[in-house]
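> Supplied structure: work-v4.csv, CSV, C-alpha atoms.
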```csv
chain,number,residue,atom,x,y,z
A,1,MET,CA,-48.1,-5.8,62.9
A,2,TYR,CA,-44.4,-6.2,63.7
A,3,PRO,CA,-44.2,-7.7,67.3
A,4,ALA,CA,-40.7,-6.2,68.1
A,5,SER,CA,-39.6,-7.2,71.6
A,6,THR,CA,-42.9,-9.0,72.4
A,7,THR,CA,-41.3,-11.8,70.3
A,8,LYS,CA,-39.2,-12.6,73.4
A,9,ILE,CA,-42.2,-14.1,75.3
A,10,VAL,CA,-42.3,-17.0,72.8
A,11,THR,CA,-38.5,-17.4,73.1
A,12,ALA,CA,-39.0,-17.5,76.9
A,13,ILE,CA,-41.8,-20.0,77.0
A,14,LEU,CA,-40.1,-22.4,74.6
A,15,THR,CA,-37.0,-22.1,76.8
A,16,LEU,CA,-38.9,-22.9,79.9
A,17,GLU,CA,-40.6,-25.9,78.3
A,18,ASN,CA,-37.4,-27.3,76.9
A,19,SER,CA,-34.8,-26.8,79.6
A,20,ASN,CA,-34.1,-26.6,83.3
A,21,LEU,CA,-33.5,-23.3,85.0
A,22,SER,CA,-30.2,-24.5,86.4
A,23,ASP,CA,-28.8,-25.7,83.1
A,24,LYS,CA,-25.6,-23.9,82.1
A,25,VAL,CA,-25.1,-22.3,78.7
A,26,THR,CA,-22.0,-20.9,77.0
A,27,ALA,CA,-22.5,-17.9,74.8
A,28,SER,CA,-21.3,-18.3,71.2
A,29,TYR,CA,-19.7,-15.8,68.9
A,30,ASN,CA,-22.7,-16.0,66.5
A,31,ALA,CA,-25.3,-15.5,69.3
A,32,VAL,CA,-23.6,-12.5,70.7
A,33,MET,CA,-22.2,-10.8,67.6
A,34,SER,CA,-25.2,-11.2,65.3
A,35,ILE,CA,-27.3,-8.5,67.1
A,36,PRO,CA,-27.3,-5.4,64.9
A,37,ASP,CA,-26.3,-2.0,66.2
A,38,GLY,CA,-29.2,-0.2,67.7
A,39,TYR,CA,-30.8,-3.3,69.2
A,40,SER,CA,-30.7,-3.9,73.0
A,41,LYS,CA,-27.7,-5.9,74.2
A,42,ALA,CA,-26.9,-7.1,77.7
A,43,ASP,CA,-23.1,-7.2,77.2
A,44,ILE,CA,-23.0,-11.0,77.3
A,45,GLN,CA,-19.4,-12.0,76.4
A,46,ILE,CA,-18.4,-14.7,73.9
A,47,GLY,CA,-17.6,-17.8,76.0
A,48,GLU,CA,-19.5,-16.5,79.0
A,49,VAL,CA,-21.3,-19.2,81.0
A,50,LEU,CA,-24.7,-18.4,82.4
A,51,THR,CA,-27.6,-20.4,83.7
A,52,ILE,CA,-30.9,-20.6,81.8
A,53,GLU,CA,-32.5,-18.7,84.6
A,54,GLN,CA,-30.0,-15.9,84.4
A,55,LEU,CA,-30.4,-15.7,80.6
A,56,LEU,CA,-34.2,-15.6,81.0
A,57,GLU,CA,-33.9,-12.8,83.5
A,58,ILE,CA,-31.7,-10.9,81.1
A,59,LEU,CA,-34.2,-11.6,78.3
A,60,LEU,CA,-37.4,-10.7,80.2
A,61,VAL,CA,-36.2,-8.0,82.6
A,62,TYR,CA,-33.7,-6.2,80.5
A,63,SER,CA,-34.9,-7.2,77.0
A,64,GLY,CA,-31.4,-8.5,76.0
A,65,ASN,CA,-31.5,-9.7,72.4
A,66,ASP,CA,-28.1,-11.4,72.9
A,67,ALA,CA,-29.7,-13.5,75.6
A,68,ALA,CA,-32.5,-14.5,73.2
A,69,ASN,CA,-29.9,-15.8,70.7
A,70,VAL,CA,-27.9,-17.7,73.3
A,71,LEU,CA,-31.0,-19.4,74.6
A,72,ALA,CA,-32.1,-20.2,71.0
A,73,GLU,CA,-28.8,-21.9,70.1
A,74,HIS,CA,-28.9,-23.9,73.3
A,75,ILE,CA,-32.5,-25.1,72.9
A,76,GLY,CA,-32.8,-25.4,69.1
A,77,GLY,CA,-29.2,-26.2,68.2
A,78,SER,CA,-29.2,-23.2,66.0
A,79,ILE,CA,-31.1,-19.9,65.8
A,80,ASP,CA,-32.8,-21.0,62.6
A,81,SER,CA,-34.0,-24.3,64.2
A,82,PHE,CA,-35.3,-22.4,67.2
A,83,VAL,CA,-37.2,-20.0,65.0
A,84,SER,CA,-38.8,-23.0,63.4
A,85,MET,CA,-39.8,-24.2,66.9
A,86,MET,CA,-41.3,-20.8,67.6
A,87,ASN,CA,-43.5,-21.0,64.4
A,88,THR,CA,-44.5,-24.6,65.3
A,89,LYS,CA,-45.5,-23.5,68.8
A,90,VAL,CA,-47.8,-20.7,67.6
A,91,HIS,CA,-49.3,-23.0,65.0
A,92,ASP,CA,-49.9,-25.6,67.7
A,93,LEU,CA,-51.7,-22.9,69.7
A,94,GLY,CA,-54.0,-22.5,66.7
A,95,LEU,CA,-52.7,-19.1,65.7
A,96,GLU,CA,-52.6,-18.5,61.9
A,97,ASN,CA,-51.6,-14.8,61.7
A,98,THR,CA,-48.1,-15.0,63.3
A,99,ASN,CA,-44.8,-15.7,61.8
A,100,PHE,CA,-41.3,-15.3,63.3
A,101,THR,CA,-38.0,-14.9,61.5
A,102,ASN,CA,-35.8,-14.3,64.6
A,103,THR,CA,-35.8,-14.8,68.4
A,104,TYR,CA,-36.0,-11.2,69.7
A,105,GLY,CA,-38.0,-9.0,67.3
A,106,LYS,CA,-35.6,-7.7,64.7
A,107,HIS,CA,-37.7,-5.9,62.1
A,108,ASP,CA,-38.5,-8.0,59.1
A,109,GLU,CA,-41.5,-8.0,56.8
A,110,ASN,CA,-42.0,-11.7,57.4
A,111,HIS,CA,-41.9,-11.3,61.2
A,112,TYR,CA,-45.4,-10.4,62.3
A,113,THR,CA,-48.4,-11.1,64.5
A,114,THR,CA,-51.8,-9.7,65.4
A,115,ALA,CA,-53.1,-8.2,68.6
A,116,TYR,CA,-55.4,-11.3,68.9
A,117,ASP,CA,-52.5,-13.8,68.4
A,118,LEU,CA,-50.3,-11.9,70.8
A,119,ALA,CA,-53.0,-11.9,73.5
A,120,LYS,CA,-53.5,-15.7,73.0
A,121,ILE,CA,-49.7,-16.2,73.3
A,122,MET,CA,-49.6,-14.2,76.5
A,123,GLN,CA,-52.6,-16.1,77.9
A,124,TYR,CA,-50.7,-19.3,77.3
A,125,CYS,CA,-47.5,-18.0,78.8
A,126,LEU,CA,-49.2,-16.7,82.0
A,127,LYS,CA,-50.2,-20.3,82.8
A,128,ASN,CA,-46.5,-21.0,83.5
A,129,GLU,CA,-45.5,-20.0,87.0
A,130,SER,CA,-41.8,-19.6,86.1
A,131,PHE,CA,-42.8,-17.3,83.3
A,132,ARG,CA,-45.0,-15.2,85.5
A,133,ASN,CA,-42.2,-14.9,88.2
A,134,LEU,CA,-39.5,-14.0,85.7
A,135,ALA,CA,-41.6,-11.6,83.6
A,136,GLY,CA,-42.8,-9.8,86.7
A,137,LYS,CA,-39.4,-8.8,88.0
A,138,ALA,CA,-38.5,-5.1,88.1
A,139,SER,CA,-34.8,-5.9,88.2
A,140,CYS,CA,-32.3,-8.8,88.4
A,141,ALA,CA,-28.8,-9.3,89.7
A,142,ILE,CA,-26.5,-11.6,87.8
A,143,PRO,CA,-23.5,-12.7,89.9
A,144,ALA,CA,-19.9,-12.7,88.6
A,145,THR,CA,-19.4,-15.2,85.8
A,146,ASN,CA,-16.3,-16.6,84.1
A,147,MET,CA,-16.2,-13.5,81.9
A,148,HIS,CA,-17.9,-10.7,83.7
A,149,LYS,CA,-18.2,-8.9,87.0
A,150,PRO,CA,-21.6,-8.9,88.8
A,151,ARG,CA,-24.3,-6.8,87.1
A,152,LEU,CA,-27.7,-5.4,87.9
A,153,TYR,CA,-30.3,-5.1,85.2
A,154,LYS,CA,-33.4,-2.9,85.6
A,155,SER,CA,-36.6,-3.7,83.7
A,156,THR,CA,-37.5,-1.8,80.6
A,157,ASN,CA,-41.2,-2.3,81.4
A,158,GLU,CA,-42.4,0.8,83.2
A,159,LEU,CA,-45.7,-0.9,84.1
A,160,ILE,CA,-43.9,-3.0,86.7
A,161,ILE,CA,-41.4,-0.4,88.1
A,162,PRO,CA,-42.7,1.1,91.3
A,163,ASN,CA,-42.7,4.9,91.3
A,164,SER,CA,-42.9,5.0,87.5
A,165,ASN,CA,-45.6,7.2,86.0
A,166,PHE,CA,-46.9,4.0,84.3
A,167,TYR,CA,-46.7,1.6,87.2
A,168,TYR,CA,-49.7,-0.8,87.5
A,169,SER,CA,-49.6,-2.7,90.8
A,170,ASN,CA,-52.0,-5.4,89.6
A,171,LEU,CA,-49.3,-6.7,87.2
A,172,THR,CA,-46.9,-7.9,89.9
```
Could I get this structure in the form of structure tokens?


Amino acid sequence: MYPASTTKIVTAILTLENSNLSDKVTASYNAVMSIPDGYSKADIQIGEVLTIEQLLEILLVYSGNDAANVLAEHIGGSIDSFVSMMNTKVHDLGLENTNFTNTYGKHDENHYTTAYDLAKIMQYCLKNESFRNLAGKASCAIPATNMHKPRLYKSTNELIIPNSNFYYSNLT
């Protein structure tokens, strides 16, 4: 099946394993502008400087595809190199039925996984305390940057939003 936004959990864990949360990253034209219309964007500006932690919050809380690409370029040197790292990671985890072509879940026939592989990926990610803390946030506040006023992002995951019809308290 197509993993859609669940792709971002692999983007997040690779980022956590290959950077420091306080590292600063500058968003490139390619990272920001290559997201097609209709896909979730967090209004990251070209030239905007954010920390890895802020980008991961935007990625995991708001599901910002632009954040995925900014992180990928920083960690992998290019989006394509990072996607290669993603595929190496799932192979190293012993998963044979997953292949990524992008960092955030853009539909592509060659971008796929299985429920089993996705469960194994999530089991692996949940061993990382930083991942658990970031993925469990119902919202995040990003202070003013060099290009943007302060912003507040709310989670797109109704399972972790109190008062949602789908809220599940055991997840947070």

> With only C-alpha atoms as the atoms that count, which of A:Glu73, A:Glu48, A:Asp37, A:Glu96 lies nearest to Thr11 of chain A?

A:Glu73

> How far is it from atom CA of Ile75 of chain A to atom CA of Ile13 of chain A, in Å with one decimal?

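Here the two named atoms are 11.4 Å from each other.
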
> Can you tell me how far atom CA of Leu152 of chain A sits from atom CA of Ser139 of chain A, in Å to one decimal?

7.1 Å

> In Å to one decimal, how far is atom CA of Ala138 of chain A from atom CA of Pro162 of chain A?

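Here the two named atoms are 8.1 Å from each other.
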
> Extract, using all atoms listed in the file, all DNA, RNA and protein residues at most 9 Å from Met86 of chain A, discarding same-chain residues fewer than 3 positions from it, and format them as an MDAnalysis selection string.

chainID A and resid 10:11 14 81:83 89:91 99:100 103

> Could you name the residues that touch Glu109 of chain A at 12 Å or less, counting all atoms listed in the file, but leaving out those on the same chain fewer than 5 positions away, as a PyMOL selection string?

chain A and resi 1-4+98-102

> Could you pull the residues within 9 Å of Ala68 of chain A, counting all atoms listed in the file, minus those fewer than 5 positions along the same chain, as number ranges by chain?

A: 8, 11-12, 31, 55-56, 58-59, 63, 73, 103-104

> Using all atoms listed in the file, which residue out of A:Asn87, A:Asn97, A:Ser164, A:Ser28 lies closest to Asp117 of chain A?

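Among the listed residues, the smallest separation from Asp117 of chain A belongs to A:Asn97.
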
> Closest to Gly38 of chain A among A:Lys106, A:Asp23, A:Asn69, A:Thr51, using all atoms listed in the file?

A:Lys106

> Please list as a list in words every residue within 8 Å of Ile35 of chain A, counting only C-alpha atoms and excluding residues in the same chain fewer than 5 positions away.

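Residues meeting the cut-off are Lys41, Asn65 and Asp66 of chain A.
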
> Residues at most 12 Å from Ser130 of chain A, counting all atoms listed in the file, excluding those fewer than 6 positions away in the same chain, as a VMD selection string?

chain A and resid 12 to 17 19 to 21 52 to 53 56 to 57 60 136 to 137

> Using only C-alpha atoms, which of A:Leu50, A:Ile161, A:Ala67, A:Leu171 sits nearest Arg132 of chain A?

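Between A:Leu50, A:Ile161, A:Ala67, A:Leu171, the residue approaching Arg132 of chain A most closely is A:Leu171.
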
> I'd like to know which of A:Gly105, A:Ala72, A:Ser155, A:Asn163 is closest to Asn18 of chain A, using all atoms listed in the file.

A:Ala72

> Find, counting only C-alpha atoms, the residue in A:Gly64, A:Gly77, A:Gly47, A:Gly94 that gets nearest to His148 of chain A.

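Among A:Gly64, A:Gly77, A:Gly47, A:Gly94, it is A:Gly47 that comes nearest to His148 of chain A.
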